[in-house]
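Chemist: run32.txt (compact mmCIF, C-alpha atoms) pasted underneath:
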```txt
# COMPACT_ATOMS: atom_id res chain seq x y z
CA MET F 56 6.83 21.48 -25.39
CA ILE F 57 6.19 24.87 -23.80
CA ASP F 58 4.58 25.27 -20.37
CA ALA F 59 1.45 27.34 -21.01
CA LYS F 60 1.68 28.90 -17.54
CA THR F 61 5.32 30.00 -17.52
CA ASN F 62 5.96 30.13 -21.27
CA LYS F 63 9.16 28.20 -20.61
CA PRO F 64 10.03 24.73 -21.88
CA LEU F 65 8.55 21.92 -19.79
CA HIS F 66 11.22 20.64 -17.47
CA VAL F 67 11.95 17.12 -16.26
CA SER F 68 12.85 17.48 -12.58
CA THR F 69 15.35 15.07 -11.11
CA ASP F 70 15.42 16.06 -7.46
CA GLY F 71 14.61 13.48 -4.83
CA THR F 72 15.17 9.75 -4.90
CA ALA F 73 11.92 8.50 -6.37
CA GLY F 74 12.69 9.11 -10.04
CA PRO F 75 12.19 12.10 -12.33
CA TYR F 76 8.89 13.91 -12.72
CA ILE F 77 7.23 16.67 -14.68
CA MET F 78 4.94 19.41 -13.33
CA VAL F 79 2.53 20.43 -16.06
CA PRO F 80 -0.58 22.64 -16.27
CA ARG F 81 -3.62 20.36 -16.26
CA SER F 82 -4.73 21.93 -19.56
CA GLN F 83 -1.64 20.34 -21.16
CA LEU F 84 -1.76 17.03 -19.35
CA GLU F 85 -3.47 15.09 -22.13
CA GLU F 86 -1.01 16.42 -24.69
CA LEU F 87 1.92 15.38 -22.50
CA LYS F 88 0.44 11.93 -21.86
CA GLN F 89 -0.05 11.46 -25.59
CA LEU F 90 3.57 12.43 -26.20
CA LEU F 91 4.86 10.00 -23.58
CA ASN F 92 2.58 7.25 -24.89
CA ASN F 93 3.87 7.84 -28.42
CA HIS F 94 7.39 7.22 -27.14
CA SER F 95 6.34 4.26 -24.96
CA VAL F 96 7.48 6.05 -21.81
CA PRO F 97 5.92 4.54 -18.66
CA TYR F 98 4.52 7.07 -16.19
CA TRP F 99 1.74 7.69 -13.72
CA VAL F 100 -0.09 10.84 -12.77
CA ASP F 101 -0.86 12.10 -9.23
CA GLU F 102 -4.54 11.70 -8.35
CA ASP F 103 -4.95 15.46 -7.85
CA ALA F 104 -4.08 18.47 -9.96
CA ILE F 105 -3.67 21.38 -7.56
CA SER F 106 -4.60 25.00 -8.11
CA LEU F 107 -3.04 27.67 -5.89
CA ASP F 108 -4.77 31.03 -5.41
CA GLY F 109 -6.97 30.45 -8.43
CA ALA F 110 -4.05 29.87 -10.81
CA PRO F 111 -4.34 27.07 -13.39
CA ALA F 112 -4.16 23.64 -11.76
CA ILE F 113 -0.85 21.82 -11.98
CA ALA F 114 -0.59 18.05 -12.41
CA VAL F 115 2.44 15.93 -11.56
CA VAL F 116 3.56 13.23 -13.97
CA ASN F 117 5.82 10.68 -12.27
CA LEU F 118 8.32 8.82 -14.42
CA GLY F 119 9.55 6.31 -11.87
CA ARG F 120 12.97 5.15 -10.75
CA GLY F 121 15.49 4.23 -13.38
CA THR F 122 14.01 6.51 -16.04
CA ASP F 123 16.52 8.38 -18.21
CA ALA F 124 15.55 11.98 -17.44
CA ASP F 125 17.77 13.40 -20.21
CA ALA F 126 16.07 11.21 -22.80
CA ILE F 127 12.63 12.37 -21.66
CA GLN F 128 13.80 15.99 -21.65
CA GLY F 129 14.93 15.43 -25.24
CA ILE F 130 11.46 14.17 -26.17
CA LEU F 131 9.84 17.25 -24.59
CA ASP F 132 12.29 19.64 -26.23
CA THR F 133 11.72 18.27 -29.70
CA ALA F 134 7.92 18.17 -29.42
CA ASP F 135 5.90 20.90 -31.15
CA MET B 260 -20.67 -10.74 21.83
CA PRO B 261 -22.17 -12.91 19.03
CA LEU B 262 -19.63 -13.93 16.37
CA ALA B 263 -21.50 -12.14 13.54
CA GLN B 264 -21.41 -8.89 15.46
CA GLN B 265 -17.74 -9.39 16.29
CA ILE B 266 -16.89 -9.90 12.60
CA GLY B 267 -19.02 -6.91 11.59
CA GLU B 268 -17.21 -4.68 14.05
CA LEU B 269 -13.83 -6.00 12.93
CA ARG B 270 -14.73 -5.29 9.29
CA ASP B 271 -15.87 -1.76 10.08
CA ARG B 272 -12.78 -1.03 12.13
CA VAL B 273 -10.36 -2.27 9.44
CA LEU B 274 -12.22 -0.53 6.60
CA GLY B 275 -12.09 2.65 8.71
CA GLU B 276 -8.33 2.22 9.17
CA LEU B 277 -7.80 1.70 5.44
CA GLN B 278 -9.83 4.85 4.76
CA GLU B 279 -7.81 6.81 7.28
CA ILE B 280 -4.48 5.67 5.86
CA HIS B 281 -5.54 6.58 2.32
CA ASP B 282 -6.78 9.99 3.45
CA TYR B 283 -3.44 10.57 5.14
CA TYR B 284 -1.65 9.63 1.91
CA HIS B 285 -3.88 11.88 -0.16
CA ASP B 286 -3.75 14.88 2.18
CA THR B 287 0.00 14.61 2.69
CA THR B 288 0.56 14.40 -1.07
CA ILE B 289 -1.46 17.59 -1.52
CA ALA B 290 0.52 19.35 1.22
CA TRP B 291 3.85 18.54 -0.43
CA ARG B 292 2.63 19.47 -3.92
CA VAL B 293 1.30 22.79 -2.60
CA LEU B 294 4.70 23.46 -1.07
CA GLN B 295 6.44 22.64 -4.36
CA GLN B 296 4.19 25.02 -6.25
CA SER B 297 4.51 27.75 -3.65
CA VAL B 298 8.29 27.63 -3.89
CA ALA B 299 8.13 27.54 -7.70
CA ASN B 300 5.92 30.66 -7.50
CA GLY B 301 8.61 32.44 -5.50
CA ARG B 302 7.46 31.97 -1.92
CA SER B 303 10.36 31.96 0.53
CA ILE B 304 10.54 29.57 3.49
CA ASN B 305 13.26 29.35 6.12
CA ALA B 306 13.07 26.96 9.05
CA GLU B 307 15.78 26.45 11.62
CA ASN B 308 16.03 23.18 13.48
CA GLU B 309 16.57 24.23 17.06
CA VAL B 310 18.12 20.89 17.90
CA THR B 311 20.77 20.69 15.17
CA GLY B 312 20.89 24.27 13.94
CA THR B 313 20.26 23.10 10.38
CA VAL B 314 18.46 25.70 8.29
CA THR B 315 16.01 24.30 5.78
CA THR B 316 14.80 26.49 2.94
CA GLY B 317 11.75 26.19 0.76
CA SER B 318 14.00 25.07 -2.10
CA ASP B 319 15.44 22.31 0.08
CA LEU B 320 11.97 21.08 0.96
CA ALA B 321 10.69 21.34 -2.60
CA ALA B 322 13.65 19.29 -3.80
CA ARG B 323 12.87 16.58 -1.24
CA ALA B 324 9.14 16.54 -1.93
CA GLN B 325 9.20 14.10 -4.82
CA GLY B 326 11.16 11.50 -2.87
CA TYR B 327 8.89 11.99 0.11
CA VAL B 328 5.64 11.68 -1.87
CA ALA B 329 6.41 9.12 -4.58
CA GLY B 330 8.87 7.23 -2.36
CA TYR B 331 8.51 7.20 1.40
CA LEU B 332 4.86 8.22 1.67
CA ALA B 333 3.55 5.85 -1.00
CA GLU B 334 5.60 2.97 0.37
CA ALA B 335 4.82 3.61 4.03
CA THR B 336 1.08 3.83 3.45
CA PHE B 337 1.17 0.79 1.18
CA VAL B 338 2.90 -1.18 3.95
CA GLN B 339 0.19 0.02 6.35
CA PHE B 340 -2.55 -1.17 3.98
CA VAL B 341 -1.07 -4.66 4.00
CA ALA B 342 -0.56 -4.58 7.79
CA SER B 343 -4.22 -3.62 8.31
CA PHE B 344 -5.28 -6.49 6.11
CA GLU B 345 -3.08 -8.93 8.01
CA ILE B 346 -4.60 -7.78 11.29
CA PHE B 347 -8.07 -8.29 9.84
CA PHE B 348 -7.26 -11.78 8.65
CA VAL B 349 -5.66 -12.85 11.93
CA GLU B 350 -8.51 -11.46 14.06
CA LEU B 351 -11.16 -12.96 11.78
CA LEU B 352 -9.60 -16.38 12.08
CA GLN B 353 -9.08 -16.02 15.83
CA ALA B 354 -12.72 -15.06 16.32
CA TRP B 355 -13.93 -17.93 14.14
CA LEU B 356 -11.74 -20.60 15.73
CA THR B 357 -12.59 -19.39 19.22
CA ALA B 358 -16.30 -19.70 18.43
CA TYR B 359 -15.86 -23.02 16.58
CA PRO B 360 -12.76 -24.70 18.05
CA ARG B 361 -13.72 -28.21 16.98
CA SER B 362 -11.41 -28.05 13.93
CA LEU B 363 -8.50 -27.81 16.39
CA ALA B 364 -9.56 -30.93 18.28
CA GLN B 365 -6.34 -32.73 17.34
CA ALA B 366 -4.10 -29.91 18.59
CA GLU B 367 -1.53 -31.06 21.11
CA LEU B 368 -0.72 -29.13 24.24
CA LYS B 369 1.22 -29.62 27.43
CA PHE B 370 -0.88 -30.94 30.28
CA GLU B 371 0.74 -28.22 32.39
CA SER B 372 -1.00 -25.54 30.35
CA VAL B 373 -4.36 -27.20 31.08
CA LEU B 374 -3.59 -27.41 34.77
CA ASP B 375 -2.51 -23.77 34.88
CA ALA B 376 -5.48 -22.45 32.90
CA PRO B 377 -8.24 -20.81 34.97
CA ASP B 378 -10.98 -22.22 32.71
CA LYS B 379 -11.69 -24.00 29.44
CA GLU B 380 -12.01 -20.70 27.54
CA SER B 381 -8.40 -19.87 28.40
CA VAL B 382 -7.23 -23.21 27.02
CA VAL B 383 -9.19 -22.62 23.81
CA ARG B 384 -7.81 -19.08 23.48
CA ASP B 385 -4.26 -20.36 23.92
CA VAL B 386 -4.62 -23.14 21.34
CA VAL B 387 -6.26 -20.75 18.86
CA ARG B 388 -3.56 -18.14 19.35
CA ARG B 389 -0.80 -20.69 18.70
CA GLU B 390 -2.58 -22.00 15.61
CA VAL B 391 -3.10 -18.51 14.15
CA ASP B 392 0.45 -17.40 15.01
CA LYS B 393 1.79 -20.43 13.16
CA LEU B 394 -0.34 -19.66 10.13
CA ALA B 395 0.56 -15.95 10.11
CA TYR B 396 4.16 -16.82 9.16
CA LYS B 397 3.02 -18.79 6.14
CA ARG B 398 2.21 -17.43 2.68
CA PRO B 399 -1.12 -15.73 1.93
CA LYS B 400 -2.05 -18.60 -0.40
CA GLU B 401 -1.84 -20.91 2.63
CA TRP B 402 -3.88 -18.48 4.73
CA PHE B 403 -6.72 -18.64 2.26
CA ASP B 404 -6.38 -22.40 1.79
CA TYR B 405 -6.70 -22.78 5.56
CA LEU B 406 -9.69 -20.45 5.64
CA ALA B 407 -11.36 -22.41 2.84
CA VAL B 408 -11.00 -25.63 4.83
CA VAL B 409 -11.98 -24.27 8.24
CA VAL B 410 -14.63 -21.66 7.41
CA LYS B 411 -15.55 -22.87 3.92
CA LEU B 412 -15.99 -19.44 2.35
CA ARG B 413 -16.17 -19.10 -1.41
CA CYS B 414 -14.01 -16.01 -1.53
CA PRO B 415 -11.76 -14.35 -2.42
CA ALA B 416 -11.39 -15.33 -6.09
CA PRO B 417 -8.10 -17.00 -7.13
CA ASP B 418 -6.89 -13.89 -8.99
CA GLU B 419 -7.57 -11.79 -5.88
CA ILE B 420 -5.61 -14.24 -3.73
CA ALA B 421 -2.71 -13.99 -6.19
CA ARG B 422 -2.77 -10.18 -6.02
CA VAL B 423 -2.93 -10.18 -2.22
CA ALA B 424 0.07 -12.53 -2.21
CA GLU B 425 1.97 -10.18 -4.54
CA ALA B 426 1.16 -7.17 -2.35
CA LYS B 427 2.33 -9.04 0.74
CA ALA B 428 5.53 -10.07 -1.09
CA SER B 429 6.13 -6.43 -2.12
CA ARG B 430 5.54 -5.36 1.48
CA ASP B 431 8.09 -7.94 2.67
CA LEU B 432 10.68 -6.55 0.24
CA LEU B 433 10.10 -2.97 1.36
CA ILE B 434 10.41 -3.94 5.01
CA HIS B 435 13.24 -6.46 4.82
CA ASN B 436 15.29 -5.78 1.67
CA ARG B 437 15.08 -2.04 0.87
CA GLY B 438 12.61 -2.89 -1.88
CA VAL B 439 15.10 -4.89 -3.95
CA VAL B 440 13.58 -7.98 -5.55
CA THR B 441 14.74 -11.37 -4.27
CA ARG B 442 14.03 -14.90 -5.46
CA ALA B 443 11.61 -15.21 -2.55
CA TYR B 444 9.52 -12.36 -3.99
CA ILE B 445 9.38 -14.02 -7.40
CA LEU B 446 8.31 -17.27 -5.77
CA LYS B 447 5.71 -15.64 -3.50
CA ALA B 448 4.28 -13.35 -6.19
CA GLY B 449 4.09 -16.11 -8.80
CA ASP B 450 2.35 -15.25 -12.05
CA VAL B 451 1.54 -11.71 -10.97
CA ALA B 452 5.12 -10.74 -10.04
CA ARG B 453 5.70 -7.16 -11.21
CA TYR B 454 9.49 -7.24 -11.25
CA THR B 455 12.47 -9.44 -11.93
CA LEU B 456 15.45 -10.26 -9.74
CA ASN B 457 17.36 -7.27 -8.29
CA GLN B 458 14.94 -4.66 -9.61
CA ARG B 459 13.65 -2.08 -7.14
CA VAL B 460 9.91 -2.32 -6.50
CA GLU B 461 7.94 0.84 -6.98
CA VAL B 462 4.63 1.82 -5.44
CA SER B 463 3.12 3.91 -8.21
CA THR B 464 -0.14 5.78 -7.63
CA PRO B 465 -2.18 3.29 -9.73
CA TYR B 466 -0.67 0.28 -7.91
CA HIS B 467 -1.17 1.98 -4.54
CA ARG B 468 -4.80 2.63 -5.37
CA ALA B 469 -5.44 -0.81 -6.88
CA THR B 470 -4.02 -2.49 -3.77
CA TRP B 471 -6.15 -0.32 -1.49
CA GLU B 472 -9.28 -1.19 -3.49
CA LEU B 473 -8.38 -4.87 -3.57
CA LEU B 474 -7.81 -5.12 0.18
CA ARG B 475 -11.03 -3.23 0.94
CA LYS B 476 -12.94 -5.60 -1.31
CA VAL B 477 -11.39 -8.73 0.18
CA VAL B 478 -12.06 -7.50 3.73
CA SER B 479 -15.71 -6.74 2.86
CA ASP B 480 -16.24 -10.00 0.97
CA LEU B 481 -14.68 -12.19 3.66
CA ALA B 482 -16.63 -10.48 6.44
CA THR B 483 -19.91 -10.67 4.54
CA ALA B 484 -19.42 -14.35 3.72
CA ALA B 485 -18.35 -15.22 7.27
CA ILE B 486 -21.31 -13.37 8.79
CA ALA B 487 -23.70 -15.17 6.42
CA LYS B 488 -22.15 -18.46 7.46
CA CYS B 489 -22.64 -17.96 11.19
CA THR B 490 -26.14 -16.46 11.21
```
Let me see the structure of the file written as structure tokens.
Modeler:
Amino acid sequence: MIDAKTNKPLHVSTDGTAGPYIMVPRSQLEELKQLLNNHSVPYWVDEDAISLDGAPAIAVVNLGRGTDADAIQGILDTAD
Amino acid sequence: MPLAQQIGELRDRVLGELQEIHDYYHDTTIAWRVLQQSVANGRSINAENEVTGTVTTGSDLAARAQGYVAGYLAEATFVQFVASFEIFFVELLQAWLTAYPRSLAQAELKFESVLDAPDKESVVRDVVRREVDKLAYKRPKEWFDYLAVVVKLRCPAPDEIARVAEAKASRDLLIHNRGVVTRAYILKAGDVARYTLNQRVEVSTPYHRATWELLRKVVSDLATAAIAKCT
């Protein structure tokens, strides 16, 4: 799955201690949620999508502790 | 001050606190997410700690942001929600028992404490405080059972009591066991336990929000019912 803002593949971030997460343009949030739902991946989304300097708003999808970030990255990489 | 007014003021104060804590959570989340995006967009940040000499860069901060927001911040504010509720419950019961102490008529106390008390109100206050302190160490289910007997309120609903008990049990784990589930949690949380033994509890955004809404509702409902009862 390609990030519409950066034109790079969506990336599962693993920094921090609270589990992996994905930053995604809000315009692609529903598509990402659908993808995660299709693979029965539990997640939650921050209450706000934030736009900086008028750029497209970015949402944060939290995957929670104990989630296999590599497996989720694999799901994103193989999605259309 | 009349009891109804006292309860009304207590309700307003605690609802205000819950609002403030949630605003802090929300605003702080935004601040960290803005920082993450700014760094991702190429903004450079360098901050030197004058005490330790440690230099923190924007990348360092951005890397810590997720743990701060989804971990520490969510958990700390969740713990504060529960603490605010506990304060509400304790003060509500104290106010009620002080106004209607007859239910404590069988309480035993040392004659010395009567002799030393400046007036009857002081004796009542002391007996009430001891009664409420004793109850505060018990489980939420017992708090509400006690309230049902003493104040005879028809709230909260059993499923709400179960969820308050689970939230309190989660709070206890975060404070006393680094969030790792114990048998005590499973026992306290009962049917609405969210985790099994040795799992690490998580305070997700939906759970954080649902708990905040639940505690606000229970505070409002209890106050409304108690005020109706004493007016």
Chemist: Given the choices B:Tyr396, B:Tyr283, B:Tyr331, B:Phe370, which gets closest to chain F if the distance is worked out from all atoms listed in the file?
Modeler: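 Closest candidate: B:Tyr331.
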Chemist: One decimal, in Å: what's the spacing between CA of Ser106 in chain F and CA of Glu472 in chain B?
Modeler: 27.0 Å
Chemist: Go through B:Leu294, B:Leu433, B:Ala358, B:Leu412 and flag the residue nearest Lys488 in chain B, using all atoms listed in the file for the distances.
Modeler: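 Selected residue with least distance to Lys488 in chain B: B:Leu412.
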Chemist: When you draw a straight line from CA of Thr287 in chain B to CA of Ser479 in chain B, how long is it in Å?
Modeler: 26.5 Å
Chemist: Name the residues in contact with range 96-98 of chain F at a cut-off of 9 Å, using all atoms listed in the file, excluding same-chain residues fewer than 3 positions from it; report them as a PyMOL selection string.
Modeler: (chain F and resi 76+88+90-93+116-119+122+127) or (chain B and resi 463)
Chemist: Could you list, as number ranges by chain, every residue of chain F that has an atom within 7 Å of an atom of chain B, counting all atoms listed in the file?
Modeler: F: 70-73, 99, 101
Chemist: So the first atom is CA of Ala469 in chain B and the second is CA of His94 in chain F; what is the distance between them in Å, to one decimal place?
Modeler: 25.3 Å
Chemist: From the set B:Val298, B:Ala364, B:Val341, B:Leu277, which residue has the shortest atom-to-atom contact distance to Leu107 in chain F, counting all atoms listed in the file?
Modeler: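 Checking each candidate against Leu107 in chain F, we get B:Val298 as the closest.
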Chemist: Find the spatial neighbours of Asp271 in chain B, counting only C-alpha atoms, within a cut-off of 12 Å - ignore same-chain residues fewer than 6 positions away - and output them as a VMD selection string.
Modeler: chain B and resid 264 to 265 277 to 278 343 347 475 478 to 479 482 to 483
Chemist: Under the rule that only C-alpha atoms are counted, which of B:Ser318, B:Thr470, B:Thr311, B:Thr336 is the nearest residue to Glu276 in chain B?
Modeler: B:Thr336
Chemist: So that I can check the surroundings of Leu131 in chain F, please list as JSON, numbers by chain every protein, DNA and RNA residue that reaches within 12 Å of it, counting all atoms listed in the file and ignoring chain neighbours fewer than 2 positions away.
Modeler: {"F": [56, 57, 58, 63, 64, 65, 66, 67, 77, 79, 86, 87, 88, 89, 90, 91, 93, 94, 96, 124, 125, 126, 127, 128, 129, 133, 134, 135]}
Chemist: Please work out which residues fall within 12 Å of (10.8, -17.0, -3.2), coordinates as given in the file, with all atoms listed in the file counting, and return them as a list in words.
Modeler: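 So the residues meeting the distance criterion are Arg398, Ala424, Glu425, Ala428, Ser429, Asp431, Leu432, Val440, Thr441, Arg442, Ala443, Tyr444, Ile445, Leu446, Lys447, Ala448, Gly449, Ala452, Thr455 and Leu456 of chain B.
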Chemist: Of the candidates F:Pro80, F:Gly109, F:Arg120, F:Ala114, which one gets nearest to Asn62 in chain F if we count only C-alpha atoms?
Modeler: F:Pro80
Chemist: Report, as AutoDock Vina command-line options, the axis-aligned box around all atoms of range 74-92 of chain F present in the file, extended by 3 Å on each side; give centre and edge lengths in Å to one decimal place.
Modeler:
```
--center_x 4.0 --center_y 14.9 --center_z -18.1 --size_x 23.4 --size_y 21.4 --size_z 22.2
```
Chemist: Pick from B:Leu352, B:Leu474, B:Ala299, B:Ala335: nearest to Val410 in chain B, with only C-alpha atoms counted?
Modeler: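 Using only C-alpha atoms, the shortest distance to Val410 in chain B belongs to B:Leu352.
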